[in-house]
$ cat input_6.txt   # compact mmCIF, C-alpha atoms
# COMPACT_ATOMS: atom_id res chain seq x y z
CA MET I 1 3.55 57.87 -109.39
CA ARG I 2 3.28 56.45 -105.91
CA ILE I 3 5.95 56.75 -103.24
CA ARG I 4 5.64 55.18 -99.80
CA ILE I 5 8.01 55.22 -96.82
CA GLN I 6 6.85 52.73 -94.22
CA GLN I 7 7.87 50.41 -91.39
CA GLU I 8 5.57 47.59 -92.47
CA ASP I 9 6.49 44.88 -94.95
CA PHE I 10 4.89 44.83 -98.40
CA ASP I 11 3.40 42.18 -100.69
CA VAL I 12 5.26 42.27 -104.01
CA GLY I 13 2.55 40.33 -105.86
CA ALA I 14 -0.22 42.61 -104.64
CA GLU I 15 1.80 45.75 -105.43
CA ILE I 16 2.49 44.59 -108.99
CA ALA I 17 -1.09 43.43 -109.54
CA ALA I 18 -2.32 46.89 -108.50
CA MET I 19 -0.30 48.44 -111.31
CA ARG I 20 -2.08 46.48 -114.05
CA GLY I 21 -5.27 47.77 -115.63
CA ASP I 22 -3.93 50.25 -118.15
CA ARG I 23 -4.28 48.44 -121.50
CA ARG I 24 -1.26 50.28 -122.94
CA ILE I 25 1.08 48.63 -120.42
CA GLY I 26 3.02 45.76 -121.95
CA ALA I 27 5.86 45.52 -119.44
CA LEU I 28 6.23 45.73 -115.69
CA ALA I 29 9.81 45.64 -114.38
CA ALA I 30 10.23 45.31 -110.62
CA PHE I 31 13.20 45.26 -108.25
CA VAL I 32 13.18 44.09 -104.63
CA GLY I 33 16.12 44.82 -102.31
CA LEU I 34 16.71 42.47 -99.36
CA VAL I 35 18.76 42.58 -96.15
CA ARG I 36 21.86 40.39 -96.46
CA ASP I 37 23.45 38.60 -93.49
CA ILE I 38 27.03 39.55 -94.38
CA ASN I 39 28.34 43.04 -95.13
CA ASP I 40 32.01 44.02 -95.27
CA GLY I 41 32.97 40.75 -93.65
CA ALA I 42 30.75 41.07 -90.59
CA GLN I 43 27.68 39.11 -89.58
CA VAL I 44 24.63 41.38 -89.71
CA GLN I 45 22.06 40.49 -87.07
CA GLU I 46 19.84 43.52 -87.50
CA LEU I 47 19.64 46.64 -89.63
CA THR I 48 18.08 49.97 -88.64
CA LEU I 49 17.09 52.38 -91.38
CA GLU I 50 16.81 56.08 -90.67
CA HIS I 51 15.61 58.73 -93.13
CA TYR I 52 14.95 62.45 -93.49
CA PRO I 53 11.15 62.81 -93.57
CA GLY I 54 10.09 65.32 -96.17
CA MET I 55 13.31 65.33 -98.12
CA THR I 56 13.06 61.59 -98.79
CA GLU I 57 9.73 61.92 -100.58
CA LYS I 58 10.94 65.00 -102.44
CA ALA I 59 14.18 63.34 -103.57
CA LEU I 60 12.37 60.21 -104.76
CA ALA I 61 9.79 62.28 -106.66
CA GLN I 62 12.63 64.14 -108.40
CA ILE I 63 14.30 60.85 -109.37
CA VAL I 64 11.02 59.58 -110.84
CA GLU I 65 10.59 62.84 -112.76
CA GLN I 66 14.08 62.43 -114.22
CA ALA I 67 13.24 58.87 -115.28
CA GLN I 68 10.01 60.09 -116.87
CA GLY I 69 12.02 62.67 -118.79
CA ARG I 70 14.33 60.00 -120.20
CA TRP I 71 11.95 57.16 -121.01
CA LYS I 72 8.31 56.79 -122.00
CA ILE I 73 7.01 55.11 -118.88
CA MET I 74 3.43 55.00 -117.64
CA ASP I 75 3.63 54.33 -113.94
CA VAL I 76 6.21 54.08 -111.16
CA LYS I 77 5.87 52.78 -107.64
CA ILE I 78 8.52 53.04 -104.93
CA ILE I 79 8.22 51.55 -101.44
CA HIS I 80 11.12 51.96 -98.99
CA ARG I 81 11.02 50.56 -95.48
CA VAL I 82 12.49 52.26 -92.42
CA GLY I 83 13.00 51.04 -88.86
CA THR I 84 14.48 47.72 -87.76
CA LEU I 85 14.94 44.92 -90.29
CA ARG I 86 16.57 41.48 -90.26
CA PRO I 87 18.41 39.37 -92.87
CA THR I 88 16.08 38.19 -95.67
CA ASP I 89 13.63 41.06 -94.95
CA GLN I 90 12.51 43.20 -97.89
CA ILE I 91 13.91 46.77 -97.79
CA VAL I 92 12.95 48.42 -101.04
CA PHE I 93 10.58 47.91 -103.97
CA VAL I 94 10.73 49.76 -107.29
CA ALA I 95 8.38 48.93 -110.15
CA VAL I 96 8.05 50.62 -113.52
CA ALA I 97 5.30 50.11 -116.07
CA GLY I 98 5.82 50.87 -119.75
CA ALA I 99 4.67 49.80 -123.18
CA HIS I 100 7.78 47.66 -123.73
CA ARG I 101 10.43 45.99 -121.58
CA GLY I 102 13.32 48.15 -122.75
CA GLU I 103 12.18 51.35 -121.06
CA ALA I 104 10.73 49.50 -118.06
CA PHE I 105 14.02 47.70 -117.31
CA ALA I 106 16.15 50.79 -117.91
CA ALA I 107 14.01 53.17 -115.84
CA CYS I 108 13.81 50.67 -112.97
CA GLU I 109 17.60 50.35 -112.82
CA PHE I 110 18.06 54.12 -113.18
CA ILE I 111 15.68 54.79 -110.29
CA MET I 112 17.49 52.27 -108.05
CA ASP I 113 20.92 53.68 -108.93
CA TYR I 114 19.81 57.23 -108.12
CA LEU I 115 17.92 56.18 -105.01
CA LYS I 116 21.15 54.64 -103.70
CA THR I 117 23.09 57.90 -104.03
CA GLN I 118 20.46 60.67 -103.71
CA ALA I 119 17.68 59.60 -101.35
CA PRO I 120 18.40 60.42 -97.68
CA PHE I 121 18.36 56.99 -96.03
CA TRP I 122 21.04 55.65 -93.69
CA LYS I 123 21.66 52.08 -92.53
CA LYS I 124 23.05 51.11 -89.18
CA GLU I 125 24.07 47.49 -88.63
CA GLN I 126 24.01 45.43 -85.49
CA THR I 127 26.87 42.89 -85.60
CA PRO I 128 28.39 40.64 -82.91
CA GLU I 129 31.10 43.35 -82.54
CA GLY I 130 28.54 46.09 -81.91
CA GLN I 131 26.68 48.71 -83.90
CA ARG I 132 28.12 50.51 -86.90
CA TRP I 133 26.88 52.94 -89.54
CA VAL I 134 27.18 51.55 -93.04
CA ASP I 135 29.63 53.48 -95.22
CA ALA I 136 28.60 54.65 -98.67
CA ARG I 137 30.14 52.66 -101.51
CA ALA I 138 32.12 54.20 -104.35
CA SER I 139 30.57 51.55 -106.64
CA ASP I 140 27.13 53.08 -106.03
CA ASP I 141 28.38 56.49 -107.18
CA THR I 142 29.88 54.85 -110.26
CA ALA I 143 26.57 53.10 -110.99
CA ALA I 144 24.65 56.39 -110.85
CA GLU I 145 27.27 58.31 -112.83
CA ARG I 146 27.20 55.94 -115.80
CA TRP I 147 23.68 57.22 -116.66
CA GLN I 148 25.04 60.71 -117.21
CA GLY I 149 26.62 59.74 -120.52
CA THR I 150 23.75 57.73 -121.93
CA GLU I 151 21.43 58.97 -124.63
CA ILE I 152 17.74 59.53 -124.04
CA ARG I 153 15.86 56.69 -125.63
CA MET C 1 15.84 90.70 -108.01
CA ASP C 2 12.18 90.58 -106.94
CA ASN C 3 10.79 91.68 -103.61
CA SER C 4 11.36 88.40 -101.85
CA ASP C 5 15.02 88.39 -102.91
CA LEU C 6 15.32 91.94 -101.69
CA ALA C 7 13.73 91.04 -98.35
CA LYS C 8 16.12 88.11 -98.05
CA GLY C 9 19.06 90.40 -98.79
CA PHE C 10 18.04 92.84 -96.07
CA ALA C 11 17.44 90.05 -93.61
CA HIS C 12 20.94 88.73 -94.27
CA ALA C 13 22.38 92.02 -93.17
CA GLY C 14 20.42 91.93 -89.92
CA THR C 15 18.98 88.94 -88.14
CA GLY C 16 17.13 85.78 -89.01
CA ILE C 17 16.99 82.21 -87.87
CA VAL C 18 17.86 79.00 -89.68
CA THR C 19 16.97 75.50 -88.54
CA VAL C 20 19.86 73.03 -88.66
CA LEU C 21 19.26 69.28 -88.71
CA TYR C 22 21.69 66.39 -88.19
CA PHE C 23 21.16 62.80 -89.26
CA ALA C 24 22.63 59.33 -88.75
CA ARG C 25 26.29 59.24 -87.60
CA LEU C 26 26.38 63.03 -87.24
CA ARG C 27 23.27 63.11 -85.06
CA GLU C 28 24.79 60.51 -82.72
CA ALA C 29 28.28 62.02 -82.60
CA LEU C 30 27.02 65.56 -82.07
CA GLY C 31 24.39 64.52 -79.55
CA ARG C 32 21.52 66.44 -81.12
CA ASP C 33 19.15 66.21 -84.05
CA THR C 34 18.18 69.85 -84.48
CA GLU C 35 18.92 73.39 -83.37
CA GLN C 36 18.14 76.98 -84.32
CA ILE C 37 20.97 79.27 -85.29
CA ALA C 38 20.78 83.05 -85.59
CA LEU C 39 22.17 84.41 -88.81
CA GLN C 40 24.73 87.15 -88.50
CA PRO C 41 26.53 89.30 -91.05
CA GLY C 42 28.87 87.11 -93.06
CA LEU C 43 26.89 83.96 -92.35
CA ARG C 44 25.24 83.46 -95.72
CA THR C 45 26.60 80.22 -97.18
CA VAL C 46 26.61 76.59 -96.14
CA GLU C 47 30.40 76.82 -95.84
CA ALA C 48 30.22 79.72 -93.38
CA LEU C 49 27.67 77.84 -91.29
CA ARG C 50 29.83 74.70 -91.30
CA ASP C 51 32.85 76.73 -90.21
CA LEU C 52 30.85 78.30 -87.38
CA LEU C 53 29.75 74.85 -86.17
CA ARG C 54 33.25 73.40 -86.57
CA ALA C 55 34.65 76.17 -84.38
CA ARG C 56 32.76 74.64 -81.44
CA GLY C 57 35.60 72.11 -81.31
CA GLY C 58 35.52 68.48 -80.11
CA ALA C 59 33.10 66.25 -82.02
CA TRP C 60 31.99 69.25 -84.11
CA GLU C 61 35.48 69.77 -85.41
CA VAL C 62 35.91 66.06 -86.15
CA GLU C 63 32.52 65.30 -87.70
CA LEU C 64 32.37 68.42 -89.86
CA GLY C 65 36.09 68.35 -90.64
CA ALA C 66 37.68 67.82 -94.02
CA ALA C 67 38.52 64.17 -93.25
CA LYS C 68 34.85 63.16 -92.92
CA PRO C 69 32.56 62.91 -95.93
CA VAL C 70 29.60 65.16 -95.15
CA ARG C 71 26.63 65.97 -97.37
CA VAL C 72 24.32 68.94 -96.99
CA ALA C 73 20.78 69.80 -98.02
CA VAL C 74 19.15 73.24 -98.03
CA ASN C 75 15.37 73.19 -97.79
CA GLN C 76 15.38 69.44 -98.44
CA THR C 77 17.36 69.63 -101.68
CA MET C 78 20.97 68.48 -102.02
CA ALA C 79 23.23 71.53 -101.81
CA ARG C 80 26.90 72.47 -101.92
CA LEU C 81 29.31 74.39 -99.69
CA ASP C 82 28.80 77.56 -101.73
CA SER C 83 24.98 77.34 -101.60
CA VAL C 84 23.43 80.51 -100.17
CA ILE C 85 21.39 80.30 -96.97
CA GLY C 86 18.83 82.78 -95.65
CA PRO C 87 16.28 83.36 -92.89
CA GLY C 88 13.84 80.50 -92.41
CA ASP C 89 15.96 77.98 -94.32
CA GLU C 90 16.24 74.37 -93.19
CA ILE C 91 19.83 73.14 -93.49
CA ALA C 92 20.67 69.48 -92.92
CA PHE C 93 24.09 67.89 -92.47
CA PHE C 94 24.47 64.13 -92.91
CA PRO C 95 26.85 61.37 -94.07
CA PRO C 96 26.68 60.05 -97.66
CA VAL C 97 23.39 58.18 -98.02
CA THR C 98 23.19 54.38 -97.76
CA GLY C 99 19.61 53.41 -98.56
CA GLY C 100 18.21 50.86 -100.98
$ encode --input "input_6.txt" --output "structure tokens"
Amino acid sequence: MRIRIQQEDFDVGAEIAAMRGDRRIGALAAFVGLVRDINDGAQVQELTLEHYPGMTEKALAQIVEQAQGRWKIMDVKIIHRVGTLRPTDQIVFVAVAGAHRGEAFAACEFIMDYLKTQAPFWKKEQTPEGQRWVDARASDDTAAERWQGTEIR
Amino acid sequence: MDNSDLAKGFAHAGTGIVTVLYFARLREALGRDTEQIALQPGLRTVEALRDLLRARGGAWEVELGAAKPVRVAVNQTMARLDSVIGPGDEIAFFPPVTGG
């Protein structure tokens, strides 16, 4: 398991390539989150991401442990950027390696859903009307909650 | 109850310091990111600490009031209002998270 919080951008191809090598891996599922230019009807010029150093790493490690308890997965990598970002910039990368696609896809989505509601990051947007903190979405809570009823596969 | 629990129990009755952290909207509205607070008898849950801070009035009352969604972590783990706090603990107040 590798977890990185950083200001710098990352190279998705290089990150995925670095996860190959284990001959038992048959599937690598990856997700990349990007900065959009429109949020809640306002033009986003810039986004600043703040986090809680220490707790962030701990929360992400706990989410990965939960995923490992639910699915047979071999490797997980999470990269989350902080600092100032602009539309089209990469924010987050989650990749999961497993023997087959089923567990890789599911664990990747699970990790993203929990990251959205449990990991201490906060976004502040710069719009033509000024700065504003992004509000949490009820749909993110719903996305994380739906895993609570699912069977361990 | 082992010795460390016992020590914590005694410390609750007397003195002790907790570190309180504020993040994002709370940090800006309250004008600070951290402070040390001395524990006193009766101050042993997150709720009691929140009430103490709220009693400062102004932005404290607004930001930590019932109308604002506030999350809390004790020693870097998500906690609840009834979570117990003790000497040396790190307690963080922040808005619902918006990463990813």
$ residues_around --input "input_6.txt" --residues "C:Gly100" --least-positions-apart "6" --cutoff "7 Å" --atoms "all atoms listed in the file" --output "list in words"
Gly33, Ile91, Val92, Leu115 and Lys116 of chain I
$ closest_atom_pairs --input "input_6.txt" --of "stretch 28-132 of chain I" --to "stretch 56-78 of chain C" --cutoff "9 Å" --atoms "only C-alpha atoms" --output "JSON lines"
{"residue": "I:Tyr52", "atom": "CA", "partner": "C:Gln76", "partner_atom": "CA", "distance": 8.6}
{"residue": "I:Gly54", "atom": "CA", "partner": "C:Gln76", "partner_atom": "CA", "distance": 7.1}
{"residue": "I:Met55", "atom": "CA", "partner": "C:Gln76", "partner_atom": "CA", "distance": 4.6}
{"residue": "I:Thr56", "atom": "CA", "partner": "C:Gln76", "partner_atom": "CA", "distance": 8.2}
{"residue": "I:Lys58", "atom": "CA", "partner": "C:Gln76", "partner_atom": "CA", "distance": 7.4}
{"residue": "I:Ala59", "atom": "CA", "partner": "C:Thr77", "partner_atom": "CA", "distance": 7.3}
{"residue": "I:Gln118", "atom": "CA", "partner": "C:Met78", "partner_atom": "CA", "distance": 8.0}
$ interface_residues --input "input_6.txt" --of "chain I" --to "chain C" --cutoff "10 Å" --atoms "only C-alpha atoms" --output "PyMOL selection string"
chain I and resi 32-35+49-59+62+80-82+91-94+112-124+132-137+140
$ atom_distance --input "input_6.txt" --atom1 "atom CA of I:Ala143" --atom2 "atom CA of I:Ile63"
14.6 Å
$ closest_residue --input "input_6.txt" --among "I:Thr88, I:Gln148, I:Arg4, I:Ser139" --to "I:Phe110" --atoms "only C-alpha atoms"
I:Gln148
